[in-house]
$ cat model00.cif   # mmCIF, C-alpha atoms
data_start
loop_
_atom_site.group_PDB
_atom_site.id
_atom_site.type_symbol
_atom_site.label_atom_id
_atom_site.label_comp_id
_atom_site.auth_asym_id
_atom_site.auth_seq_id
_atom_site.Cartn_x
_atom_site.Cartn_y
_atom_site.Cartn_z
ATOM 1 C CA MET A 1 93.424 21.580 -111.980
ATOM 2 C CA LYS A 2 89.769 22.215 -112.890
ATOM 3 C CA LYS A 3 88.721 19.061 -111.051
ATOM 4 C CA LEU A 4 90.673 20.156 -107.981
ATOM 5 C CA ILE A 5 89.023 23.574 -108.018
ATOM 6 C CA ASN A 6 85.608 21.960 -108.425
ATOM 7 C CA LEU A 7 86.333 19.565 -105.569
ATOM 8 C CA VAL A 8 87.451 22.386 -103.276
ATOM 9 C CA LEU A 9 84.436 24.450 -104.285
ATOM 10 C CA ALA A 10 82.069 21.570 -103.637
ATOM 11 C CA ALA A 11 83.629 20.897 -100.242
ATOM 12 C CA SER A 12 83.365 24.563 -99.323
ATOM 13 C CA LEU A 13 79.717 24.769 -100.316
ATOM 14 C CA CYS A 14 78.860 21.547 -98.563
ATOM 15 C CA ILE A 15 79.853 22.787 -95.136
ATOM 16 C CA MET A 16 77.021 24.766 -93.648
ATOM 17 C CA TYR A 17 76.927 25.662 -90.040
ATOM 18 C CA SER A 18 74.962 27.456 -87.408
ATOM 19 C CA CYS A 19 75.611 29.512 -84.326
ATOM 20 C CA GLY A 20 72.592 27.991 -82.627
ATOM 21 C CA ASN A 21 72.388 27.370 -78.907
ATOM 22 C CA LYS A 22 73.495 23.789 -78.239
ATOM 23 C CA GLU A 23 71.387 23.685 -75.057
ATOM 24 C CA ASN A 24 68.173 23.916 -77.089
ATOM 25 C CA LYS A 25 68.638 20.462 -78.633
ATOM 26 C CA SER A 26 65.736 19.027 -76.643
ATOM 27 C CA MET A 27 63.001 20.689 -78.726
ATOM 28 C CA GLU A 28 59.743 18.904 -79.294
ATOM 29 C CA ALA A 29 59.751 16.697 -82.394
ATOM 30 C CA ASP A 30 57.224 18.774 -84.336
ATOM 31 C CA LYS A 31 59.032 22.052 -83.617
ATOM 32 C CA SER A 32 62.344 20.446 -84.588
ATOM 33 C CA SER A 33 60.842 19.137 -87.806
ATOM 34 C CA SER A 34 59.485 22.563 -88.701
ATOM 35 C CA SER A 35 62.808 24.215 -87.887
ATOM 36 C CA THR A 36 64.690 21.591 -89.891
ATOM 37 C CA GLU A 37 62.499 22.158 -92.938
ATOM 38 C CA THR A 38 63.022 25.916 -92.615
ATOM 39 C CA ASN A 39 66.787 25.409 -92.437
ATOM 40 C CA LYS A 40 66.698 23.217 -95.545
ATOM 41 C CA ALA A 41 64.747 25.911 -97.415
ATOM 42 C CA ILE A 42 67.294 28.517 -96.331
ATOM 43 C CA TYR A 43 70.133 26.279 -97.507
ATOM 44 C CA MET A 44 68.454 26.040 -100.914
ATOM 45 C CA LYS A 45 68.189 29.831 -101.088
ATOM 46 C CA VAL A 46 71.920 30.150 -100.401
ATOM 47 C CA MET A 47 72.655 27.541 -103.073
ATOM 48 C CA ASP A 48 70.424 29.490 -105.451
ATOM 49 C CA ALA A 49 72.547 32.565 -104.765
ATOM 50 C CA PHE A 50 75.621 30.596 -105.874
ATOM 51 C CA GLN A 51 73.813 29.648 -109.102
ATOM 52 C CA THR A 52 72.438 33.073 -109.941
ATOM 53 C CA GLY A 53 74.961 35.383 -108.320
ATOM 54 C CA ASN A 54 72.059 37.254 -106.723
ATOM 55 C CA ILE A 55 73.105 38.143 -103.170
ATOM 56 C CA ASP A 56 70.475 40.802 -102.473
ATOM 57 C CA SER A 57 68.333 38.714 -100.114
ATOM 58 C CA LEU A 58 71.071 36.829 -98.245
ATOM 59 C CA ALA A 59 70.766 39.085 -95.189
ATOM 60 C CA ASN A 60 67.236 37.686 -94.773
ATOM 61 C CA TYR A 61 68.652 34.180 -94.244
ATOM 62 C CA VAL A 62 72.210 34.510 -92.951
ATOM 63 C CA THR A 63 73.274 36.451 -89.870
ATOM 64 C CA GLU A 64 75.801 39.247 -90.189
ATOM 65 C CA ASN A 65 78.260 37.491 -87.874
ATOM 66 C CA THR A 66 78.094 34.067 -89.524
ATOM 67 C CA VAL A 67 81.315 32.054 -89.415
ATOM 68 C CA ASP A 68 82.591 29.919 -92.292
ATOM 69 C CA HIS A 69 84.799 27.239 -90.787
ATOM 70 C CA ASN A 70 86.092 26.287 -94.239
ATOM 71 C CA GLN A 71 86.513 29.715 -95.838
ATOM 72 C CA ASP A 72 88.434 30.036 -99.093
ATOM 73 C CA PRO A 73 91.848 31.526 -98.243
ATOM 74 C CA MET A 74 91.433 34.081 -101.045
ATOM 75 C CA ILE A 75 88.517 35.677 -99.193
ATOM 76 C CA LYS A 76 89.734 38.116 -96.568
ATOM 77 C CA SER A 77 86.354 39.446 -95.395
ATOM 78 C CA THR A 78 84.349 37.902 -92.580
ATOM 79 C CA GLY A 79 80.735 37.207 -91.731
ATOM 80 C CA LEU A 80 77.973 37.717 -94.239
ATOM 81 C CA GLN A 81 80.294 39.752 -96.453
ATOM 82 C CA ALA A 82 82.610 36.722 -96.766
ATOM 83 C CA LEU A 83 79.689 34.622 -98.026
ATOM 84 C CA LYS A 84 78.760 37.348 -100.510
ATOM 85 C CA ASP A 85 82.374 37.529 -101.683
ATOM 86 C CA ALA A 86 82.503 33.736 -102.103
ATOM 87 C CA ILE A 87 79.325 33.786 -104.165
ATOM 88 C CA ALA A 88 80.661 36.605 -106.341
ATOM 89 C CA MET A 89 83.950 34.737 -106.859
ATOM 90 C CA VAL A 90 82.210 31.486 -107.817
ATOM 91 C CA HIS A 91 79.669 33.194 -110.065
ATOM 92 C CA THR A 92 82.401 35.160 -111.851
ATOM 93 C CA ALA A 93 84.365 31.979 -112.545
ATOM 94 C CA TYR A 94 81.324 29.821 -113.363
ATOM 95 C CA PRO A 95 78.537 32.092 -114.645
ATOM 96 C CA ASP A 96 76.502 29.136 -115.916
ATOM 97 C CA LEU A 97 76.830 27.150 -112.677
ATOM 98 C CA LYS A 98 74.069 24.600 -112.197
ATOM 99 C CA ILE A 99 73.604 22.910 -108.836
ATOM 100 C CA THR A 100 71.492 19.771 -108.738
ATOM 101 C CA MET A 101 70.454 18.634 -105.285
ATOM 102 C CA ILE A 102 70.789 14.868 -104.897
ATOM 103 C CA SER A 103 69.844 14.519 -101.245
ATOM 104 C CA MET A 104 69.598 16.613 -98.109
ATOM 105 C CA ILE A 105 69.292 15.721 -94.456
ATOM 106 C CA GLY A 106 68.832 17.924 -91.442
ATOM 107 C CA GLU A 107 68.499 17.791 -87.716
ATOM 108 C CA TRP A 108 67.921 20.737 -85.378
ATOM 109 C CA ASP A 109 70.101 23.556 -86.745
ATOM 110 C CA MET A 110 72.274 21.387 -89.037
ATOM 111 C CA VAL A 111 71.833 20.663 -92.734
ATOM 112 C CA VAL A 112 73.995 18.384 -94.860
ATOM 113 C CA ALA A 113 73.577 18.282 -98.622
ATOM 114 C CA HIS A 114 74.776 15.998 -101.382
ATOM 115 C CA PHE A 115 74.704 17.793 -104.706
ATOM 116 C CA ASN A 116 76.238 17.924 -108.155
ATOM 117 C CA MET A 117 77.726 21.107 -109.569
ATOM 118 C CA LYS A 118 78.339 21.738 -113.242
ATOM 119 C CA GLY A 119 79.596 24.854 -114.904
ATOM 120 C CA THR A 120 81.953 26.261 -117.491
ATOM 121 C CA ASN A 121 85.004 28.034 -116.103
ATOM 122 C CA THR A 122 84.998 31.242 -118.138
ATOM 123 C CA GLY A 123 86.468 33.693 -115.644
ATOM 124 C CA ALA A 124 89.163 34.032 -113.028
ATOM 125 C CA TYR A 125 88.685 32.152 -109.787
ATOM 126 C CA GLY A 126 90.103 33.737 -106.667
ATOM 127 C CA THR A 127 92.279 36.417 -108.173
#
$ encode --input "model00.cif" --output "structure tokens"
Amino acid sequence: MKKLINLVLAASLCIMYSCGNKENKSMEADKSSSSTETNKAIYMKVMDAFQTGNIDSLANYVTENTVDHNQDPMIKSTGLQALKDAIAMVHTAYPDLKITMISMIGEWDMVVAHFNMKGTNTGAYGT
């Protein structure tokens, strides 16, 4: 069961998305590269929030109306609050969570990450 929960958690964290304008895909290469690097840094800040449980600065990186297309069914809130609730749920269940980034790729407003998560399940998950 623990492996299943970890797999579901990893799949949920892996899916990051954006509400960017699809018509702006023809940006210049240098602007796209800069934007991509910024998006990767933001992704790392969100992953850090999962590790630490610190959600105070998330509003600086995630819009209020963000949409999680793979939201945990236990989370009933929406938008930024849903992300905060997911982080709180994960951090409660795995307070010593450690996320090790293996690789990350990005293009325009998309980021995909391959990472390893380790933690000790010491609390309830999704109750």
$ resolve_selection --input "model00.cif" --expression "the PyMOL selection byres ((chain A and resi 59-76) around 7)" --output "CSV table (one decimal) with C-alpha atoms, in the coordinates of the input"
chain,number,residue,atom,x,y,z
A,12,SER,CA,83.4,24.6,-99.3
A,42,ILE,CA,67.3,28.5,-96.3
A,57,SER,CA,68.3,38.7,-100.1
A,58,LEU,CA,71.1,36.8,-98.2
A,77,SER,CA,86.4,39.4,-95.4
A,78,THR,CA,84.3,37.9,-92.6
A,79,GLY,CA,80.7,37.2,-91.7
A,80,LEU,CA,78.0,37.7,-94.2
A,82,ALA,CA,82.6,36.7,-96.8
A,85,ASP,CA,82.4,37.5,-101.7
A,86,ALA,CA,82.5,33.7,-102.1
A,126,GLY,CA,90.1,33.7,-106.7
$ residues_around --input "model00.cif" --residues "Val90 in chain A" --least-positions-apart "6" --cutoff "9 Å" --atoms "all atoms listed in the file" --output "number ranges by chain"
A: 9, 50-51, 53, 97, 125-126
$ resolve_selection --input "model00.cif" --expression "the PyMOL selection byres ((chain A and resi 95) around 10)" --output "list in words"
Phe50, Gln51, Thr52, Gly53, Ala88, Met89, Val90, His91, Thr92, Ala93, Tyr94, Asp96, Leu97, Lys98, Gly119, Thr120, Asn121, Thr122 and Gly123 of chain A
$ closest_residue --input "model00.cif" --among "A:Met104, A:Ile99, A:Ile55, A:Ala113" --to "Gln81 in chain A" --atoms "only C-alpha atoms"
A:Ile55
$ atom_distance --input "model00.cif" --atom1 "CA of Asp48 in chain A" --atom2 "CA of Ser35 in chain A"
19.9 Å
$ resolve_selection --input "model00.cif" --expression "the PyMOL selection byres ((chain A and resi 114) around 10)" --output "JSON, numbers by chain"
{"A": [10, 14, 100, 101, 102, 103, 104, 105, 112, 113, 115, 116]}
$ atom_distance --input "model00.cif" --atom1 "CA of Lys84 in chain A" --atom2 "CA of Trp108 in chain A"
24.9 Å
$ atom_distance --input "model00.cif" --atom1 "CA of Asn54 in chain A" --atom2 "CA of Thr38 in chain A"
20.2 Å
